[in-house]
$ cat structure.cif   # mmCIF, C-alpha atoms
data_structure
#
loop_
_atom_site.label_atom_id
_atom_site.label_comp_id
_atom_site.auth_asym_id
_atom_site.auth_seq_id
_atom_site.Cartn_x
_atom_site.Cartn_y
_atom_site.Cartn_z
CA MET I 40 6.35 87.77 27.49
CA SER I 41 7.43 91.00 29.13
CA ALA I 42 5.06 92.70 31.53
CA GLY I 43 2.46 94.76 29.78
CA GLU I 44 3.03 93.23 26.36
CA PRO I 45 -0.41 92.70 24.90
CA LEU I 46 -1.65 89.31 23.80
CA HIS I 47 -1.92 88.64 20.08
CA TYR I 48 -5.52 87.51 20.59
CA ARG I 49 -7.24 89.83 23.04
CA PHE I 50 -10.67 89.95 24.60
CA PRO I 51 -13.05 91.52 22.07
CA PRO I 52 -14.35 94.69 23.76
CA ALA I 53 -18.07 95.33 23.73
CA SER I 54 -17.38 98.62 21.95
CA ALA I 55 -16.18 96.58 18.95
CA TYR I 56 -19.16 94.22 18.81
CA ARG I 57 -20.67 95.65 15.63
CA LEU I 58 -17.27 95.83 13.98
CA ASN I 59 -16.55 92.20 14.79
CA ARG I 60 -20.08 91.26 13.69
CA CYS I 61 -19.38 92.90 10.33
CA LEU I 62 -16.02 91.12 9.94
CA PHE I 63 -17.65 87.82 10.88
CA ALA I 64 -20.30 88.38 8.21
CA LEU I 65 -17.64 89.22 5.60
CA LYS I 66 -15.82 85.99 6.52
CA SER I 67 -18.76 83.61 6.75
CA ASP I 68 -21.87 85.07 5.10
CA ASP I 69 -21.65 84.81 1.31
CA GLY I 70 -24.71 87.01 0.82
CA PHE I 71 -23.42 89.81 3.00
CA ARG I 72 -20.01 89.66 1.34
CA ALA I 73 -21.64 89.97 -2.07
CA ARG I 74 -23.67 92.97 -0.92
CA PHE I 75 -20.53 94.56 0.54
CA LEU I 76 -18.65 94.12 -2.72
CA LYS I 77 -21.54 95.67 -4.63
CA ASP I 78 -22.12 98.61 -2.27
CA ALA I 79 -19.92 98.71 0.85
CA GLY I 80 -21.70 101.73 2.30
CA ALA I 81 -25.12 100.12 2.13
CA ALA I 82 -23.83 96.86 3.62
CA ILE I 83 -22.15 98.72 6.45
CA ARG I 84 -25.40 100.57 7.19
CA GLU I 85 -27.10 97.18 7.66
CA ILE I 86 -24.75 96.55 10.58
CA GLY I 87 -24.81 100.12 11.87
CA LEU I 88 -21.07 100.64 12.15
CA ALA I 89 -19.53 103.76 13.70
CA ALA I 90 -18.05 106.11 11.10
CA ALA I 91 -14.47 105.47 12.20
CA ASP I 92 -14.96 101.69 12.00
CA ALA I 93 -16.57 101.99 8.59
CA ALA I 94 -13.74 104.14 7.25
CA ALA I 95 -11.06 101.74 8.51
CA LEU I 96 -12.95 98.79 7.06
CA VAL I 97 -13.40 100.33 3.62
CA GLN I 98 -9.75 101.38 3.54
CA GLY I 99 -8.59 97.96 4.73
CA ASP I 100 -6.67 99.72 7.52
CA ARG I 101 -5.71 96.70 9.60
CA ASP I 102 -3.83 98.57 12.32
CA THR I 103 -6.77 100.88 12.99
CA LEU I 104 -9.21 97.98 12.96
CA LEU I 105 -7.12 96.11 15.53
CA ALA I 106 -6.71 99.24 17.66
CA ARG I 107 -10.48 99.63 17.68
CA GLY I 108 -10.95 96.12 19.04
CA ALA I 109 -11.36 94.01 15.92
CA HIS I 110 -10.31 90.38 16.37
CA PRO I 111 -7.12 89.69 14.36
CA TYR I 112 -8.35 86.41 12.96
CA LEU I 113 -11.59 88.00 11.75
CA VAL I 114 -9.67 90.85 10.11
CA PHE I 115 -7.38 88.30 8.43
CA MET I 116 -10.11 86.03 7.08
CA ALA I 117 -12.51 88.81 6.10
CA ASP I 118 -9.73 90.44 4.10
CA LEU I 119 -8.73 87.12 2.53
CA ARG I 120 -12.30 86.31 1.48
CA LEU I 121 -12.74 89.78 -0.04
CA ARG I 122 -9.45 89.53 -1.93
CA MET I 123 -10.35 86.08 -3.24
CA GLU I 124 -13.55 87.50 -4.72
CA ARG I 125 -11.87 90.57 -6.17
CA GLU I 126 -8.83 88.79 -7.61
CA PRO I 127 -9.59 85.10 -7.83
CA VAL I 128 -6.56 83.13 -6.67
CA THR I 129 -5.67 79.89 -8.34
CA PHE I 130 -5.63 77.02 -5.91
CA GLU I 131 -4.67 73.41 -6.26
CA TYR I 132 -7.58 71.61 -4.65
CA PHE I 133 -6.90 68.25 -3.04
CA MET L 116 -12.30 52.03 24.97
CA LEU L 117 -9.63 54.39 23.78
CA VAL L 118 -7.61 52.60 21.10
CA GLY L 119 -5.64 55.38 19.44
CA ALA L 120 -4.55 58.99 19.87
CA PHE L 121 -3.31 61.45 17.28
CA ALA L 122 -2.69 65.13 16.60
CA CYS L 123 -2.96 66.58 13.12
CA ALA L 124 -2.37 69.99 11.60
CA HIS L 125 -5.39 71.54 9.90
CA THR L 126 -3.72 74.28 7.89
CA PRO L 127 -6.22 75.13 5.13
CA GLN L 128 -3.42 75.41 2.58
CA LEU L 129 -3.04 71.64 2.89
CA LEU L 130 -6.51 71.31 1.37
CA ALA L 131 -6.51 74.21 -1.09
CA ARG L 132 -2.93 75.08 -1.99
CA PRO L 133 -2.19 78.59 -3.25
CA GLY L 134 0.98 79.20 -5.25
CA THR L 135 2.67 80.62 -2.16
CA GLU L 136 2.61 77.24 -0.41
CA ASP L 137 5.47 74.82 -1.08
CA ARG L 138 3.97 71.86 -2.91
CA ASP L 139 6.53 69.29 -1.76
CA LEU L 140 5.97 70.28 1.84
CA VAL L 141 2.21 69.93 1.41
CA LEU L 142 2.67 66.45 -0.08
CA ARG L 143 4.91 65.38 2.79
CA VAL L 144 2.19 66.33 5.27
CA HIS L 145 -0.32 64.44 3.11
CA ALA L 146 1.92 61.36 3.36
CA ALA L 147 1.84 61.63 7.15
CA PHE L 148 -1.95 61.93 7.01
CA ALA L 149 -2.02 58.76 4.88
CA ARG L 150 -0.12 56.95 7.63
CA VAL L 151 -2.77 58.06 10.12
CA LYS L 152 -5.48 56.77 7.81
CA ARG L 153 -3.80 53.36 7.61
CA ARG L 154 -3.42 53.29 11.40
CA LEU L 155 -7.10 54.10 11.88
CA GLU L 156 -7.95 51.15 9.66
CA ALA L 157 -5.55 48.85 11.53
CA LEU L 158 -6.98 49.95 14.88
CA ARG L 159 -10.47 48.89 13.73
CA ALA L 160 -11.94 52.00 15.28
CA ASP L 161 -15.70 52.44 15.61
CA ALA L 162 -15.62 56.24 15.97
CA ILE L 163 -13.31 59.24 15.90
CA ALA L 164 -13.62 61.77 18.72
CA ILE L 165 -11.99 64.86 17.23
CA VAL L 166 -10.94 67.83 19.37
CA ALA L 167 -10.61 71.12 17.51
CA GLY L 168 -10.80 74.85 18.08
CA ASP L 169 -13.50 76.65 16.17
CA HIS L 170 -12.24 79.58 14.06
CA VAL L 171 -15.06 81.92 15.08
CA GLU L 172 -17.32 80.07 12.66
CA ALA L 173 -19.73 77.99 14.75
CA PHE L 174 -19.48 80.21 17.81
CA PHE L 175 -19.42 83.98 17.37
CA LEU L 176 -19.98 86.40 20.24
CA ASP L 177 -23.60 85.32 20.76
CA ALA L 178 -22.22 82.57 22.97
CA VAL L 179 -18.62 81.50 23.50
CA PRO L 180 -18.37 78.04 25.05
CA ALA L 181 -15.05 77.02 26.55
CA LEU L 182 -15.77 73.34 25.86
CA ALA L 183 -18.56 72.01 23.71
CA VAL L 184 -19.77 68.66 22.39
CA TYR L 185 -21.64 68.15 19.13
CA VAL L 186 -24.58 65.90 19.99
CA GLY L 187 -26.92 65.04 17.17
CA ALA L 188 -27.46 62.77 14.22
CA GLU L 189 -25.04 64.60 11.96
CA CYS L 190 -23.01 67.77 11.55
CA ALA L 191 -22.16 69.81 8.50
CA GLY L 192 -20.16 72.78 7.36
CA THR L 193 -18.62 74.58 4.42
CA PHE L 194 -15.17 75.88 3.62
CA GLY L 195 -14.73 77.67 0.33
CA GLN L 196 -15.90 75.26 -2.35
CA TYR L 197 -15.97 72.33 0.07
CA ARG L 198 -19.31 71.14 1.45
CA TYR L 199 -19.13 68.43 4.07
CA ARG L 200 -21.37 66.39 6.30
CA PHE L 201 -20.50 63.70 8.85
CA PRO L 202 -22.64 61.30 10.86
CA ILE L 203 -22.19 61.74 14.60
CA HIS L 204 -21.85 58.70 16.85
CA GLU L 205 -24.84 59.84 18.84
CA PRO L 206 -24.73 57.39 21.79
CA LEU L 207 -21.05 58.14 22.32
CA ALA L 208 -21.54 61.90 22.01
CA ARG L 209 -24.41 61.86 24.46
CA SER L 210 -22.44 59.73 26.89
CA ILE L 211 -19.50 62.15 26.71
CA VAL L 212 -21.65 65.18 27.50
CA GLU L 213 -23.65 63.45 30.25
CA GLN L 214 -20.69 61.84 31.94
CA GLY L 215 -18.59 64.95 31.43
CA VAL L 216 -21.12 67.01 33.35
CA GLU L 217 -21.27 64.33 36.05
CA ARG L 218 -17.51 64.59 36.36
CA GLY L 219 -17.69 68.33 36.98
CA PHE L 220 -17.19 69.80 33.50
CA ASP L 221 -20.01 72.23 32.66
CA LEU L 222 -20.07 71.37 28.99
CA CYS L 223 -21.98 73.21 26.32
CA TYR L 224 -23.62 71.01 23.72
CA THR L 225 -25.00 71.75 20.29
CA GLN L 226 -27.23 69.92 17.83
CA SER L 227 -26.96 72.54 15.12
CA ALA L 228 -23.68 74.48 15.12
CA PRO L 229 -21.77 74.47 11.82
CA LEU L 230 -18.63 72.36 11.73
CA ASP L 231 -15.49 74.43 11.27
CA TYR L 232 -12.75 73.55 8.80
CA ALA L 233 -10.49 72.76 11.76
CA PHE L 234 -12.46 69.53 12.06
CA TYR L 235 -12.77 68.94 8.35
CA VAL L 236 -9.17 69.17 7.11
CA PRO L 237 -7.74 66.24 9.13
CA LEU L 238 -10.88 64.15 8.55
CA TYR L 239 -10.69 64.79 4.81
CA PHE L 240 -7.23 63.23 4.69
CA THR L 241 -7.42 60.56 7.41
CA MET L 242 -10.96 59.16 7.31
CA PRO L 243 -10.58 55.38 6.94
CA GLU L 244 -12.54 53.24 4.53
CA PRO L 245 -15.28 52.41 5.29
CA SER L 246 -15.82 55.76 6.96
CA LEU L 247 -16.54 56.21 10.64
CA PRO L 248 -18.98 58.36 12.61
CA ILE L 249 -17.39 61.15 14.60
CA VAL L 250 -17.88 63.11 17.80
CA PRO L 251 -16.69 66.72 17.39
CA LEU L 252 -15.37 68.22 20.61
CA HIS L 253 -14.83 71.96 20.59
CA VAL L 254 -12.26 73.86 22.66
CA ASN L 255 -12.30 77.65 22.55
CA VAL L 256 -8.89 78.78 21.36
CA TYR L 257 -9.46 82.09 19.56
CA LEU L 258 -11.78 84.13 21.82
CA PRO L 259 -10.24 85.08 25.17
CA PRO L 260 -10.53 84.15 27.89
CA GLN L 261 -9.84 80.62 26.69
CA PRO L 262 -9.75 77.63 29.04
CA THR L 263 -6.34 77.20 30.63
CA PRO L 264 -4.06 74.45 29.35
CA ARG L 265 -4.45 72.77 32.74
CA ARG L 266 -8.22 72.78 32.43
CA CYS L 267 -7.93 71.29 28.94
CA TYR L 268 -5.60 68.60 30.27
CA GLU L 269 -8.03 67.82 33.09
CA TRP L 270 -10.91 67.62 30.63
CA GLY L 271 -8.81 65.21 28.62
CA GLY L 272 -8.31 63.09 31.72
CA ALA L 273 -12.05 62.88 32.26
CA LEU L 274 -12.65 62.28 28.57
CA GLY L 275 -10.13 59.44 28.52
CA ALA L 276 -11.84 57.80 31.49
CA ILE L 277 -15.24 58.16 29.82
CA LEU L 278 -13.93 56.60 26.61
CA GLN L 279 -12.25 53.74 28.49
CA GLY L 280 -15.61 52.90 29.99
CA ARG L 281 -17.34 52.59 26.62
CA SER L 282 -17.63 49.43 24.57
CA GLU L 283 -16.83 51.18 21.27
CA ARG L 284 -13.28 51.35 19.99
CA VAL L 285 -12.62 55.11 19.89
CA VAL L 286 -9.76 57.07 18.41
CA LEU L 287 -9.09 60.49 19.89
CA MET L 288 -7.65 63.07 17.51
CA ALA L 289 -6.51 66.63 18.24
CA SER L 290 -6.69 69.07 15.35
CA GLY L 291 -4.55 72.19 15.34
CA GLY L 292 -1.12 73.66 15.81
CA MET L 293 1.65 74.08 15.79
CA SER L 294 3.00 77.65 15.85
CA HIS L 295 1.21 80.21 13.68
CA PHE L 296 -0.07 83.75 14.11
CA PRO L 297 -2.92 84.45 11.67
CA GLY L 298 -3.95 88.09 11.47
CA THR L 299 -0.99 89.45 13.39
CA ASP L 300 2.38 91.01 12.60
CA ARG L 301 3.97 87.67 13.45
CA TYR L 302 2.31 85.79 10.61
CA ALA L 303 5.54 85.17 8.70
CA SER L 304 7.66 84.38 11.77
CA PRO L 305 6.30 81.48 13.82
CA GLU L 306 8.15 80.00 16.80
CA PHE L 307 9.48 76.83 15.21
CA GLU L 308 12.11 76.22 17.88
CA TYR L 309 9.38 76.21 20.54
CA ASP L 310 7.54 73.60 18.49
CA ARG L 311 10.64 71.42 18.18
CA ARG L 312 11.36 71.57 21.90
CA LEU L 313 7.79 70.67 22.71
CA LEU L 314 7.86 67.73 20.31
CA ASP L 315 10.99 66.45 22.07
CA THR L 316 9.12 66.72 25.38
CA LEU L 317 6.23 64.75 23.96
CA ARG L 318 8.54 62.11 22.48
CA ALA L 319 9.92 61.60 25.98
CA GLY L 320 6.43 60.99 27.35
CA ARG L 321 6.33 64.22 29.33
CA GLY L 322 3.09 65.52 27.88
CA ARG L 323 1.84 66.59 31.29
CA GLU L 324 4.28 69.50 31.08
CA LEU L 325 1.94 71.14 28.56
CA ALA L 326 -0.67 71.35 31.32
CA ALA L 327 1.65 73.64 33.28
CA VAL L 328 2.12 76.13 30.43
CA THR L 329 0.23 79.39 30.75
CA GLY L 330 -2.26 80.72 28.26
CA GLU L 331 -0.01 83.75 27.87
CA GLU L 332 2.88 81.53 26.80
CA LEU L 333 0.74 79.76 24.22
CA ASP L 334 -0.33 83.14 22.82
CA LYS L 335 3.24 84.40 22.71
CA MET L 336 4.40 81.24 20.92
CA GLY L 337 1.62 81.19 18.34
CA ASN L 338 0.30 78.02 19.88
CA ILE L 339 -3.14 78.88 21.22
CA GLU L 340 -4.45 75.79 19.40
CA LEU L 341 -2.30 73.44 21.47
CA ARG L 342 -5.17 73.43 23.95
CA THR L 343 -6.58 70.68 21.74
CA TRP L 344 -3.36 68.71 22.17
CA ALA L 345 -3.59 69.26 25.93
CA VAL L 346 -6.98 67.52 25.88
CA VAL L 347 -5.52 64.48 24.13
CA LEU L 348 -2.50 64.50 26.42
CA GLY L 349 -4.80 64.43 29.43
CA ALA L 350 -6.36 61.29 28.00
CA VAL L 351 -3.12 59.48 27.11
CA GLY L 352 -1.12 60.42 30.20
CA ASP L 353 2.59 59.73 29.86
CA ALA L 354 2.42 57.90 26.54
CA LYS L 355 5.28 58.69 24.19
CA ALA L 356 4.68 60.58 20.98
CA ASP L 357 5.67 59.20 17.60
CA VAL L 358 6.15 62.30 15.44
CA TYR L 359 5.13 61.35 11.90
CA CYS L 360 6.21 64.72 10.57
CA TYR L 361 7.09 68.26 11.50
CA GLU L 362 7.02 70.51 8.45
CA PRO L 363 7.48 74.23 9.06
CA SER L 364 6.15 76.35 6.20
CA TRP L 365 6.79 80.08 5.93
CA HIS L 366 3.82 80.70 8.26
CA HIS L 367 2.91 77.48 10.07
CA GLY L 368 4.46 74.55 11.92
CA ASN L 369 2.66 71.49 10.52
CA ALA L 370 2.85 68.42 12.75
CA VAL L 371 1.29 64.97 12.64
CA VAL L 372 1.73 62.85 15.77
CA GLU L 373 0.57 59.53 17.21
CA TRP L 374 0.74 58.52 20.84
CA ALA L 375 1.44 54.83 21.36
CA LEU L 376 -1.17 53.46 23.76
#
$ encode --input "structure.cif" --output "structure tokens"
Amino acid sequence: MSAGEPLHYRFPPASAYRLNRCLFALKSDDGFRARFLKDAGAAIREIGLAAADAAALVQGDRDTLLARGAHPYLVFMADLRLRMEREPVTFEYF
Amino acid sequence: MLVGAFACAHTPQLLARPGTEDRDLVLRVHAAFARVKRRLEALRADAIAIVAGDHVEAFFLDAVPALAVYVGAECAGTFGQYRYRFPIHEPLARSIVEQGVERGFDLCYTQSAPLDYAFYVPLYFTMPEPSLPIVPLHVNVYLPPQPTPRRCYEWGGALGAILQGRSERVVLMASGGMSHFPGTDRYASPEFEYDRRLLDTLRAGRGRELAAVTGEELDKMGNIELRTWAVVLGAVGDAKADVYCYEPSWHHGNAVVEWAL
């Protein structure tokens, strides 16, 4: 890795705590995810997200979320769980 | 005593396959898992100590343990439609945490944390019949700063010594790897050649070389989860790897490995 090249998985800055908390809830908390899908604004107010974080989250703007300190894995799985609810994917379950 | 050592991929697409995942590839990995299951039965194991990296499921930012041991009567978790629960080999788990601390590893322990799918996927496919109790051993791989590969290898060395001193027949299993980059721009371009070179190193019995790799290199190569392999390698020393399969999908290097003890 060349000098200065950032890690793929970086330390989650304290400034992004609420954002990461929200992504974690979207990934792992079925109730919160359901409330978000019903009324994203109200769900986001539960967490108390900054306006810029909320806008990036609602727009699904991954690059902005990462730039604001969101953890890439949380962004990935939160997005996947939301998409699975919106457009159910057909899986072969083993 | 330590009677067996394995590493298994835990790619969730092996459990719930979307249309984007090659079915034949998935079935080939399943066949390798079936070999592990037969080996576990032949080894007459009493317990499986499984080393995995939590995917920010059990441990969020409230507390981020570098190394943790599940100590309790049982553990449980969910993944999509799957609901799972495993008995923990409580005397073994307690011995690992107590002796680990005595040996200088400041381990976290939990009696309540949810069990991540990283533990579940290999167990789903390899659990012998009749089933065995487990001891889940967590290594932080996703939330920097993670433990160094050397520290993981050293923990594995202590863990191996602890297991050798026990009367139970214990199989040690690493869950994770190989190269993949979830949530990043590299998702569709893992470092398969790095994986293949590393597997050659492990086949030659030079697993200690993984202890010398930096955390930065693992991140660059999409292999942050190989910290779990480093733990197993610390326990098996210079044993040679038998690579059951290496199946690179469009996003993930899936490997299943046994170390001959």
$ interface_residues --input "structure.cif" --of "chain L" --to "chain I" --cutoff "9 Å" --atoms "only C-alpha atoms" --output "VMD selection string"
chain L and resid 128 to 134 170 to 172 175 to 176 257 to 260 296 to 301 331 to 332 334 to 335 337 339
$ resolve_selection --input "structure.cif" --expression "the PyMOL selection byres ((chain L and resi 151-159) around 7)" --output "ChimeraX atom specification"
/L:118,147-150,160-161,241-243
$ axis_aligned_box --input "structure.cif" --around "stretch 149-163 of chain L" --padding-each-side "6 Å" --output "JSON"
{"center_x": -7.9, "center_y": 54.0, "center_z": 10.4, "size_x": 27.6, "size_y": 22.4, "size_z": 23.1}
$ residues_around --input "structure.cif" --residues "I:Phe75" --least-positions-apart "5" --cutoff "12 Å" --atoms "all atoms listed in the file" --output "PyMOL selection string"
chain I and resi 61-62+64-66+68-70+80-86+93+96-97+117+120-121+124-125
$ residues_around --input "structure.cif" --residues "L:Phe220" --least-positions-apart "3" --cutoff "10 Å" --atoms "all atoms listed in the file" --output "PyMOL selection string"
chain L and resi 182+212-217+223+266+269-270+273
$ residues_near_point --input "structure.cif" --point "(-29.8, 69.1, 16.6)" --cutoff "6 Å" --atoms "all atoms listed in the file" --output "count of residues only"
3
$ atom_distance --input "structure.cif" --atom1 "atom CA of L:Ala319" --atom2 "atom CA of L:Arg218"
29.5 Å
$ atom_distance --input "structure.cif" --atom1 "atom CA of L:Gly292" --atom2 "atom CA of L:Ala122"
8.7 Å
$ atom_distance --input "structure.cif" --atom1 "atom CA of L:Asn338" --atom2 "atom CA of L:Arg138"
23.9 Å
$ residues_around --input "structure.cif" --residues "L:Ala370" --least-positions-apart "6" --cutoff "8 Å" --atoms "only C-alpha atoms" --output "list in words"
Ala122, Cys123, Ala124, Val144, Gly292, Met293, Val358, Tyr359, Cys360, Tyr361 and Glu362 of chain L
$ resolve_selection --input "structure.cif" --expression "the PyMOL selection byres ((chain L and resi 204) around 7)" --output "ChimeraX atom specification"
/L:162,202-203,205-208,248-250
$ build_atoms --input "structure.cif" --residues "stretch 41-67 of chain I" --atoms "N, CA and C atoms" --output "mmCIF file, in the coordinates of the input"
data_model
loop_
_atom_site.group_PDB
_atom_site.id
_atom_site.type_symbol
_atom_site.label_atom_id
_atom_site.label_comp_id
_atom_site.auth_asym_id
_atom_site.auth_seq_id
_atom_site.Cartn_x
_atom_site.Cartn_y
_atom_site.Cartn_z
ATOM 1 N N SER I 41 7.115 89.959 28.155
ATOM 2 C CA SER I 41 7.430 91.000 29.130
ATOM 3 C C SER I 41 6.132 91.596 29.663
ATOM 4 N N ALA I 42 6.235 92.139 30.874
ATOM 5 C CA ALA I 42 5.060 92.700 31.530
ATOM 6 C C ALA I 42 4.437 93.778 30.656
ATOM 7 N N GLY I 43 3.160 93.711 30.516
ATOM 8 C CA GLY I 43 2.460 94.760 29.780
ATOM 9 C C GLY I 43 2.367 94.513 28.291
ATOM 10 N N GLU I 44 3.096 93.513 27.794
ATOM 11 C CA GLU I 44 3.030 93.230 26.360
ATOM 12 C C GLU I 44 1.664 92.624 26.049
ATOM 13 N N PRO I 45 0.942 93.206 25.115
ATOM 14 C CA PRO I 45 -0.410 92.700 24.900
ATOM 15 C C PRO I 45 -0.408 91.318 24.236
ATOM 16 N N LEU I 46 -1.468 90.590 24.473
ATOM 17 C CA LEU I 46 -1.650 89.310 23.800
ATOM 18 C C LEU I 46 -1.912 89.535 22.320
ATOM 19 N N HIS I 47 -1.568 88.552 21.504
ATOM 20 C CA HIS I 47 -1.920 88.640 20.080
ATOM 21 C C HIS I 47 -3.432 88.553 19.899
ATOM 22 N N TYR I 48 -4.070 87.697 20.698
ATOM 23 C CA TYR I 48 -5.520 87.510 20.590
ATOM 24 C C TYR I 48 -6.151 87.986 21.896
ATOM 25 N N ARG I 49 -6.738 89.174 21.842
ATOM 26 C CA ARG I 49 -7.240 89.830 23.040
ATOM 27 C C ARG I 49 -8.751 89.716 23.137
ATOM 28 N N PHE I 50 -9.233 89.950 24.353
ATOM 29 C CA PHE I 50 -10.670 89.950 24.600
ATOM 30 C C PHE I 50 -11.346 90.967 23.678
ATOM 31 N N PRO I 51 -12.385 90.568 22.970
ATOM 32 C CA PRO I 51 -13.050 91.520 22.070
ATOM 33 C C PRO I 51 -13.937 92.488 22.865
ATOM 34 N N PRO I 52 -13.579 93.753 22.922
ATOM 35 C CA PRO I 52 -14.350 94.690 23.760
ATOM 36 C C PRO I 52 -15.764 94.882 23.223
ATOM 37 N N ALA I 53 -16.678 95.137 24.138
ATOM 38 C CA ALA I 53 -18.070 95.330 23.730
ATOM 39 C C ALA I 53 -18.198 96.478 22.730
ATOM 40 N N SER I 54 -17.317 97.467 22.864
ATOM 41 C CA SER I 54 -17.380 98.620 21.950
ATOM 42 C C SER I 54 -17.131 98.200 20.500
ATOM 43 N N ALA I 55 -16.506 97.041 20.308
ATOM 44 C CA ALA I 55 -16.180 96.580 18.950
ATOM 45 C C ALA I 55 -17.151 95.510 18.465
ATOM 46 N N TYR I 56 -18.263 95.323 19.182
ATOM 47 C CA TYR I 56 -19.160 94.220 18.810
ATOM 48 C C TYR I 56 -19.642 94.330 17.366
ATOM 49 N N ARG I 57 -20.130 95.507 16.995
ATOM 50 C CA ARG I 57 -20.670 95.650 15.630
ATOM 51 C C ARG I 57 -19.568 95.483 14.581
ATOM 52 N N LEU I 58 -18.395 95.983 14.900
ATOM 53 C CA LEU I 58 -17.270 95.830 13.980
ATOM 54 C C LEU I 58 -16.930 94.345 13.795
ATOM 55 N N ASN I 59 -16.858 93.633 14.897
ATOM 56 C CA ASN I 59 -16.550 92.200 14.790
ATOM 57 C C ASN I 59 -17.697 91.443 14.118
ATOM 58 N N ARG I 60 -18.931 91.882 14.363
ATOM 59 C CA ARG I 60 -20.080 91.260 13.690
ATOM 60 C C ARG I 60 -19.958 91.435 12.169
ATOM 61 N N CYS I 61 -19.527 92.621 11.765
ATOM 62 C CA CYS I 61 -19.380 92.900 10.330
ATOM 63 C C CYS I 61 -18.253 92.049 9.731
ATOM 64 N N LEU I 62 -17.138 91.942 10.438
ATOM 65 C CA LEU I 62 -16.020 91.120 9.940
ATOM 66 C C LEU I 62 -16.418 89.651 9.867
ATOM 67 N N PHE I 63 -17.159 89.204 10.871
ATOM 68 C CA PHE I 63 -17.650 87.820 10.880
ATOM 69 C C PHE I 63 -18.543 87.575 9.663
ATOM 70 N N ALA I 64 -19.406 88.537 9.361
ATOM 71 C CA ALA I 64 -20.300 88.380 8.210
ATOM 72 C C ALA I 64 -19.496 88.375 6.898
ATOM 73 N N LEU I 65 -18.475 89.213 6.817
ATOM 74 C CA LEU I 65 -17.640 89.220 5.600
ATOM 75 C C LEU I 65 -16.919 87.879 5.450
ATOM 76 N N LYS I 66 -16.523 87.282 6.544
ATOM 77 C CA LYS I 66 -15.820 85.990 6.520
ATOM 78 C C LYS I 66 -16.772 84.844 6.164
ATOM 79 N N SER I 67 -17.958 84.829 6.759
ATOM 80 C CA SER I 67 -18.760 83.610 6.750
ATOM 81 C C SER I 67 -20.107 83.710 6.048
#
